[in-house]
>>> print(open('final.csv').read())   # CSV, C-alpha atoms
chain,number,residue,atom,x,y,z
A,5,MET,CA,74.1,-15.2,-132.1
A,6,ASN,CA,70.8,-13.4,-131.8
A,7,ILE,CA,68.6,-16.4,-131.2
A,8,PRO,CA,65.4,-16.1,-129.1
A,9,PHE,CA,65.3,-18.3,-126.0
A,10,ARG,CA,62.8,-21.2,-126.4
A,11,LYS,CA,61.4,-24.2,-124.6
A,12,VAL,CA,60.5,-27.5,-126.3
A,13,ALA,CA,59.5,-31.1,-125.5
A,14,LEU,CA,62.0,-33.5,-126.9
A,15,VAL,CA,61.6,-36.9,-128.4
A,16,ILE,CA,62.7,-39.7,-126.0
A,17,ALA,CA,65.5,-41.7,-127.3
A,18,THR,CA,69.0,-43.2,-126.5
A,19,ALA,CA,72.3,-43.7,-128.3
A,20,ALA,CA,76.0,-44.3,-127.7
A,21,MET,CA,78.1,-41.2,-128.5
A,22,THR,CA,81.7,-40.2,-128.3
A,23,ALA,CA,82.8,-36.5,-128.6
A,24,THR,CA,81.3,-33.2,-127.5
A,25,ALA,CA,79.1,-30.4,-129.0
A,26,LEU,CA,76.3,-28.1,-128.0
A,27,VAL,CA,72.9,-28.3,-129.7
A,28,GLY,CA,69.8,-26.2,-129.6
A,29,CYS,CA,66.6,-28.1,-128.6
A,30,SER,CA,64.1,-25.5,-129.6
A,31,SER,CA,60.8,-25.2,-131.5
A,32,ASP,CA,59.1,-22.2,-133.0
A,33,LYS,CA,55.7,-23.1,-131.7
A,34,ASP,CA,57.0,-23.3,-128.2
A,35,ALA,CA,58.8,-19.9,-128.3
A,36,LYS,CA,58.3,-17.7,-125.3
A,37,SER,CA,58.8,-14.0,-126.1
A,38,GLY,CA,61.1,-12.2,-123.8
A,39,ASP,CA,62.3,-15.4,-122.0
A,40,GLN,CA,65.8,-14.6,-120.9
A,41,SER,CA,66.7,-18.0,-119.4
A,42,LEU,CA,68.5,-21.0,-120.7
A,43,GLU,CA,68.6,-24.5,-119.3
A,44,ILE,CA,71.4,-26.7,-120.4
A,45,ALA,CA,71.6,-30.5,-119.8
A,46,TYR,CA,75.1,-31.9,-120.0
A,47,TRP,CA,76.9,-35.1,-119.3
A,48,ASN,CA,78.4,-34.9,-115.8
A,49,TYR,CA,81.3,-37.3,-116.3
A,50,GLY,CA,83.3,-35.8,-113.4
A,51,PRO,CA,84.7,-32.6,-111.9
A,52,ALA,CA,86.1,-31.4,-115.2
A,53,ALA,CA,82.7,-31.5,-116.8
A,54,GLU,CA,81.2,-29.4,-114.0
A,55,SER,CA,83.9,-26.8,-113.9
A,56,GLY,CA,84.2,-26.6,-117.7
A,57,ASN,CA,80.5,-26.1,-118.3
A,58,LYS,CA,80.2,-23.6,-115.4
A,59,ALA,CA,83.0,-21.5,-116.8
A,60,THR,CA,81.3,-21.5,-120.2
A,61,ALA,CA,78.0,-20.5,-118.7
A,62,ASP,CA,79.5,-17.8,-116.6
A,63,ALA,CA,81.3,-16.3,-119.6
A,64,PHE,CA,78.0,-16.3,-121.6
A,65,MET,CA,76.1,-14.6,-118.8
A,66,ALA,CA,78.8,-12.0,-118.4
A,67,ALA,CA,78.6,-11.2,-122.1
A,68,HIS,CA,74.7,-11.2,-122.1
A,69,ALA,CA,73.4,-9.1,-119.3
A,70,GLY,CA,70.0,-10.3,-117.9
A,71,VAL,CA,70.3,-13.8,-119.2
A,72,ASN,CA,70.3,-16.6,-116.7
A,73,VAL,CA,71.9,-19.9,-117.5
A,74,THR,CA,70.9,-23.0,-115.5
A,75,LEU,CA,73.1,-26.1,-115.8
A,76,THR,CA,71.5,-29.5,-115.3
A,77,PRO,CA,74.1,-32.2,-114.8
A,78,VAL,CA,73.0,-35.7,-116.0
A,79,THR,CA,75.1,-38.7,-114.9
A,80,GLY,CA,76.1,-41.7,-117.0
A,81,GLU,CA,79.0,-44.1,-117.2
A,82,ASN,CA,79.2,-43.3,-121.0
A,83,TRP,CA,77.4,-41.3,-123.7
A,84,GLY,CA,74.8,-44.1,-124.1
A,85,THR,CA,73.7,-44.1,-120.5
A,86,TYR,CA,73.8,-40.3,-120.4
A,87,TYR,CA,71.3,-40.2,-123.3
A,88,ALA,CA,69.1,-42.7,-121.5
A,89,ASN,CA,69.1,-40.6,-118.4
A,90,VAL,CA,68.4,-37.4,-120.5
A,91,ALA,CA,65.4,-39.3,-121.9
A,92,THR,CA,64.2,-40.1,-118.4
A,93,LEU,CA,64.6,-36.5,-117.5
A,94,ILE,CA,62.5,-35.4,-120.5
A,95,ALA,CA,59.9,-38.0,-119.8
A,96,SER,CA,59.5,-36.6,-116.3
A,97,GLY,CA,58.4,-33.3,-117.9
A,98,LYS,CA,61.7,-31.4,-117.6
A,99,HIS,CA,62.6,-29.9,-121.1
A,100,PRO,CA,66.0,-28.3,-121.4
A,101,ASP,CA,66.7,-25.6,-124.0
A,102,LEU,CA,70.1,-27.0,-124.9
A,103,MET,CA,71.8,-30.3,-124.5
A,104,VAL,CA,75.4,-31.5,-124.8
A,105,ILE,CA,75.8,-34.2,-127.5
A,106,SER,CA,78.8,-35.9,-129.1
A,107,GLY,CA,80.0,-35.7,-132.7
A,108,GLU,CA,78.3,-38.8,-133.8
A,109,GLY,CA,75.2,-37.6,-132.1
A,110,ALA,CA,74.4,-35.2,-134.9
A,111,GLN,CA,73.0,-38.0,-137.1
A,112,PHE,CA,71.0,-39.4,-134.2
A,113,VAL,CA,69.4,-36.2,-132.9
A,114,HIS,CA,68.5,-35.1,-136.5
A,115,ALA,CA,66.9,-38.4,-137.4
A,116,ASN,CA,64.8,-38.4,-134.2
A,117,LYS,CA,63.8,-34.7,-134.6
A,118,LEU,CA,65.4,-33.8,-131.3
A,119,VAL,CA,66.7,-30.5,-132.4
A,120,VAL,CA,65.9,-27.6,-134.7
A,121,PRO,CA,68.7,-27.0,-137.3
A,122,ILE,CA,70.4,-23.6,-136.9
A,123,ASN,CA,70.8,-22.8,-140.7
A,124,LYS,CA,68.2,-20.0,-140.6
A,125,TYR,CA,69.7,-18.4,-137.6
A,126,ILE,CA,73.1,-18.4,-139.2
A,127,ASP,CA,71.7,-16.9,-142.4
A,128,LYS,CA,70.1,-14.0,-140.5
A,129,ASP,CA,73.0,-13.3,-138.2
A,130,PRO,CA,76.2,-11.6,-139.5
A,131,GLU,CA,78.0,-12.4,-136.3
A,132,ALA,CA,77.2,-16.1,-136.7
A,133,LYS,CA,78.5,-16.0,-140.3
A,134,THR,CA,81.8,-14.5,-139.0
A,135,LEU,CA,82.0,-17.2,-136.4
A,136,LEU,CA,81.3,-19.9,-139.0
A,137,ALA,CA,84.1,-18.6,-141.2
A,138,ASP,CA,86.5,-19.0,-138.3
A,139,ILE,CA,85.7,-22.7,-137.7
A,140,ALA,CA,87.6,-25.5,-139.5
A,141,PRO,CA,85.3,-26.9,-142.2
A,142,GLY,CA,85.7,-30.5,-140.9
A,143,LEU,CA,84.2,-29.4,-137.6
A,144,ILE,CA,81.2,-27.9,-139.3
A,145,ASP,CA,80.7,-30.9,-141.7
A,146,GLY,CA,80.8,-33.2,-138.7
A,147,PHE,CA,77.6,-31.7,-137.4
A,148,LYS,CA,75.8,-31.3,-140.7
A,149,VAL,CA,73.1,-33.8,-141.7
A,150,LYS,CA,71.4,-33.6,-145.1
A,151,GLY,CA,72.3,-30.0,-145.5
A,152,ASP,CA,71.1,-29.1,-142.0
A,153,ILE,CA,73.6,-27.7,-139.6
A,154,VAL,CA,72.7,-29.3,-136.3
A,155,THR,CA,75.0,-27.3,-134.1
A,156,LEU,CA,78.3,-25.5,-134.0
A,157,THR,CA,81.0,-27.3,-132.0
A,158,TYR,CA,82.5,-25.5,-129.0
A,159,GLY,CA,85.2,-28.1,-128.3
A,160,TRP,CA,86.9,-31.1,-129.8
A,161,ASN,CA,89.6,-33.7,-128.9
A,162,ASP,CA,92.9,-34.1,-130.5
A,163,MET,CA,94.5,-37.6,-130.3
A,164,VAL,CA,98.3,-37.6,-129.9
A,165,VAL,CA,101.1,-40.1,-129.2
A,166,TYR,CA,103.2,-39.2,-126.2
A,167,TYR,CA,106.8,-40.4,-126.0
A,168,ASN,CA,109.4,-40.4,-123.3
A,169,THR,CA,112.5,-38.5,-124.4
A,170,ASP,CA,114.6,-40.1,-121.7
A,171,VAL,CA,113.7,-43.6,-122.8
A,172,LEU,CA,114.3,-42.8,-126.4
A,173,LYS,CA,117.7,-41.3,-125.6
A,174,LYS,CA,118.7,-44.3,-123.5
A,175,ALA,CA,117.8,-46.7,-126.3
A,176,GLY,CA,119.6,-44.6,-128.9
A,177,VAL,CA,116.4,-44.0,-130.8
A,178,ASP,CA,115.7,-40.7,-132.6
A,179,PRO,CA,112.5,-39.0,-131.7
A,180,PRO,CA,109.6,-39.5,-134.2
A,181,LYS,CA,109.5,-37.1,-137.2
A,182,ALA,CA,106.3,-35.4,-138.3
A,183,ASP,CA,106.0,-37.6,-141.4
A,184,TRP,CA,106.7,-41.0,-139.7
A,185,THR,CA,104.9,-44.0,-141.1
A,186,TRP,CA,103.3,-47.1,-139.7
A,187,ASP,CA,106.6,-48.9,-140.4
A,188,ASP,CA,108.5,-46.2,-138.5
A,189,PHE,CA,106.1,-46.6,-135.6
A,190,LYS,CA,106.6,-50.4,-135.4
A,191,ALA,CA,110.3,-50.1,-135.7
A,192,THR,CA,110.5,-47.6,-132.9
A,193,ALA,CA,108.2,-49.7,-130.7
A,194,LYS,CA,110.4,-52.8,-131.3
A,195,LYS,CA,113.6,-50.9,-130.3
A,196,LEU,CA,111.9,-49.6,-127.1
A,197,THR,CA,110.7,-53.0,-126.0
A,198,ALA,CA,113.0,-54.6,-123.5
A,199,ASP,CA,113.4,-57.2,-120.8
A,200,THR,CA,114.8,-55.0,-118.0
A,201,ASN,CA,114.7,-57.5,-115.2
A,202,GLY,CA,116.2,-60.4,-117.0
A,203,ASP,CA,113.4,-62.9,-116.6
A,204,GLY,CA,113.2,-63.6,-120.3
A,205,LYS,CA,109.9,-61.7,-120.8
A,206,PRO,CA,109.5,-58.1,-121.9
A,207,ASP,CA,108.5,-55.8,-119.1
A,208,GLN,CA,109.0,-52.6,-121.0
A,209,TYR,CA,106.9,-52.2,-124.1
A,210,GLY,CA,107.5,-49.9,-127.0
A,211,PHE,CA,103.9,-48.8,-127.0
A,212,THR,CA,100.7,-49.4,-125.0
A,213,TRP,CA,97.5,-47.5,-124.0
A,214,ALA,CA,95.3,-47.7,-121.0
A,215,SER,CA,91.9,-47.4,-122.7
A,216,ASN,CA,90.1,-49.9,-125.0
A,217,GLU,CA,87.1,-47.7,-125.4
A,218,ILE,CA,86.2,-46.9,-129.0
A,219,PHE,CA,87.2,-43.3,-128.4
A,220,PRO,CA,90.0,-42.5,-127.6
A,221,GLY,CA,91.4,-46.0,-127.6
A,222,ILE,CA,90.5,-47.4,-131.0
A,223,MET,CA,89.2,-44.7,-133.4
A,224,PRO,CA,92.4,-42.7,-133.8
A,225,TRP,CA,94.2,-45.8,-135.2
A,226,VAL,CA,91.3,-46.7,-137.4
A,227,ALA,CA,91.1,-43.2,-138.8
A,228,ASN,CA,94.8,-43.0,-139.4
A,229,ALA,CA,94.6,-46.2,-141.4
A,230,GLY,CA,91.9,-44.6,-143.5
A,231,GLY,CA,89.1,-46.6,-142.0
A,232,ASN,CA,85.8,-46.0,-140.2
A,233,LEU,CA,83.4,-48.0,-138.1
A,234,THR,CA,80.4,-47.0,-140.2
A,235,SER,CA,79.7,-45.9,-143.8
A,236,ASP,CA,79.5,-42.2,-144.5
A,237,ASP,CA,75.8,-42.1,-144.2
A,238,VAL,CA,76.0,-44.0,-140.9
A,239,CYS,CA,73.7,-46.6,-142.2
A,240,SER,CA,75.9,-49.7,-142.3
A,241,ALA,CA,78.8,-51.1,-140.2
A,242,THR,CA,82.3,-51.1,-141.7
A,243,ALA,CA,84.2,-52.3,-138.7
A,244,ASP,CA,85.2,-55.5,-140.5
A,245,THR,CA,86.8,-53.8,-143.5
A,246,PRO,CA,90.6,-54.1,-144.0
A,247,ARG,CA,91.2,-50.4,-143.2
A,248,SER,CA,89.4,-50.7,-139.9
A,249,THR,CA,91.0,-54.0,-138.8
A,250,ARG,CA,94.5,-53.2,-140.0
A,251,PRO,CA,95.5,-51.1,-136.8
A,252,CYS,CA,94.8,-54.1,-134.6
A,253,HIS,CA,97.3,-56.2,-136.5
A,254,SER,CA,99.9,-53.5,-137.3
A,255,CYS,CA,102.0,-54.0,-134.2
A,256,ALA,CA,104.9,-56.0,-135.5
A,257,GLY,CA,102.4,-58.5,-137.0
A,258,SER,CA,101.1,-59.5,-133.6
A,259,SER,CA,97.4,-59.7,-132.7
A,260,PRO,CA,96.0,-58.2,-129.5
A,261,THR,CA,95.8,-60.4,-126.4
A,262,ALA,CA,93.2,-60.4,-123.7
A,263,SER,CA,95.6,-59.2,-121.0
A,264,HIS,CA,97.4,-56.6,-123.2
A,265,PRO,CA,95.1,-55.7,-126.1
A,266,HIS,CA,97.4,-53.4,-128.0
A,267,ARG,CA,101.1,-53.8,-127.1
A,268,CYS,CA,103.7,-53.5,-129.9
A,269,ARG,CA,106.3,-56.1,-129.1
>>> encode(input="final.csv", output="structure tokens")
Amino acid sequence: MNIPFRKVALVIATAAMTATALVGCSSDKDAKSGDQSLEIAYWNYGPAAESGNKATADAFMAAHAGVNVTLTPVTGENWGTYYANVATLIASGKHPDLMVISGEGAQFVHANKLVVPINKYIDKDPEAKTLLADIAPGLIDGFKVKGDIVTLTYGWNDMVVYYNTDVLKKAGVDPPKADWTWDDFKATAKKLTADTNGDGKPDQYGFTWASNEIFPGIMPWVANAGGNLTSDDVCSATADTPRSTRPCHSCAGSSPTASHPHRCR
């Protein structure tokens, strides 16, 4: 997109976030004509974040001669602490042009006036309109607040269930079909649960996961059950609604335990 490069002082704030997107942090009054540099703050969660963002920056610079992209890694054990550290960075007087946010972050950065919506840039740029038409509507709506497009996503996460074909074959269980239901899932998990060492206790479970974080550990199940953790306007909590609590009790009728939060027995 043909967007002037700009600098801006951002509002200091923090929030807990979950997915990934790139947002412009610019202001018309702070525009610097002819400025051909961009500074991007991103969550440095590990080597993959560093290499991934560097590859994106290198590709952008290769396609836009004369533009220099500077990456500013910001540490944090999660999205919340990342935002706290970005706030500290801004308070020290360092003002990035762009910052990496999560999907849920759209509501937060819009409400706190952290970013300038990009609607007007898209309306004036034919290439941007073409790009917009090639993005799934859900990915656009996820970053739209009160009619304002906060950003265009550059990446997303797909949650999947992996299964071991050898274990299924040994148990005489057919691989899951594309249209399998909750009941199919539970039935398969039961058949794959076994006491392989003969001590009277299951040591092979039909399903388990390693993460109890909201994303990716919990939200995929809540979403598949038709639930959410907040209302559509993100103004009230809905974690205690039946559609949100159902996944935690769907595993053969058993409740999660402290040692094994989500094992289907």
>>> residues_around(input="final.csv", residues="stretch 42-56 of chain A", least_positions_apart="4", cutoff="6 Å", atoms="only C-alpha atoms", output="PDB file with C-alpha atoms, keeping the file's coordinate frame")
ATOM      1  CA  VAL A  73      71.900 -19.900-117.500  1.00  0.00           C
ATOM      2  CA  THR A  74      70.900 -23.000-115.500  1.00  0.00           C
ATOM      3  CA  LEU A  75      73.100 -26.100-115.800  1.00  0.00           C
ATOM      4  CA  THR A  76      71.500 -29.500-115.300  1.00  0.00           C
ATOM      5  CA  PRO A  77      74.100 -32.200-114.800  1.00  0.00           C
ATOM      6  CA  VAL A  78      73.000 -35.700-116.000  1.00  0.00           C
ATOM      7  CA  THR A  79      75.100 -38.700-114.900  1.00  0.00           C
ATOM      8  CA  PRO A 100      66.000 -28.300-121.400  1.00  0.00           C
ATOM      9  CA  ASP A 101      66.700 -25.600-124.000  1.00  0.00           C
ATOM     10  CA  LEU A 102      70.100 -27.000-124.900  1.00  0.00           C
ATOM     11  CA  MET A 103      71.800 -30.300-124.500  1.00  0.00           C
ATOM     12  CA  VAL A 104      75.400 -31.500-124.800  1.00  0.00           C
TER      13      VAL A 104
END
>>> atom_distance(input="final.csv", atom1="atom CA of A:Thr234", atom2="atom CA of A:Val149")
15.2 Å
>>> closest_residue(input="final.csv", among="A:Met163, A:Leu196, A:Ala229, A:Leu118", to="A:Asp178", atoms="only C-alpha atoms")
A:Leu196
>>> atom_distance(input="final.csv", atom1="atom CA of A:Ala193", atom2="atom CA of A:Ile218")
22.2 Å
>>> closest_residue(input="final.csv", among="A:Ser240, A:Gly202, A:Ala175, A:Ile153", to="A:Val120", atoms="only C-alpha atoms")
A:Ile153
>>> atom_distance(input="final.csv", atom1="atom CA of A:Gln40", atom2="atom CA of A:Val154")
22.4 Å
>>> closest_residue(input="final.csv", among="A:Cys239, A:Val71, A:Ala198, A:Ala110", to="A:Gly151", atoms="only C-alpha atoms")
A:Ala110
>>> axis_aligned_box(input="final.csv", around="stretch 69-82 of chain A", padding_each_side="5 Å", output="JSON")
{"center_x": 74.6, "center_y": -26.6, "center_z": -117.9, "size_x": 19.2, "size_y": 45.0, "size_z": 16.2}
>>> closest_residue(input="final.csv", among="A:Asn123, A:Lys128, A:Phe147, A:Leu135", to="A:Ile105", atoms="all atoms listed in the file")
A:Phe147
>>> closest_residue(input="final.csv", among="A:Gln208, A:Asn201, A:Thr242, A:Asn228", to="A:Trp186", atoms="all atoms listed in the file")
A:Asn228
>>> residues_around(input="final.csv", residues="A:Lys124", least_positions_apart="2", cutoff="12 Å", atoms="all atoms listed in the file", output="count of residues only")
18
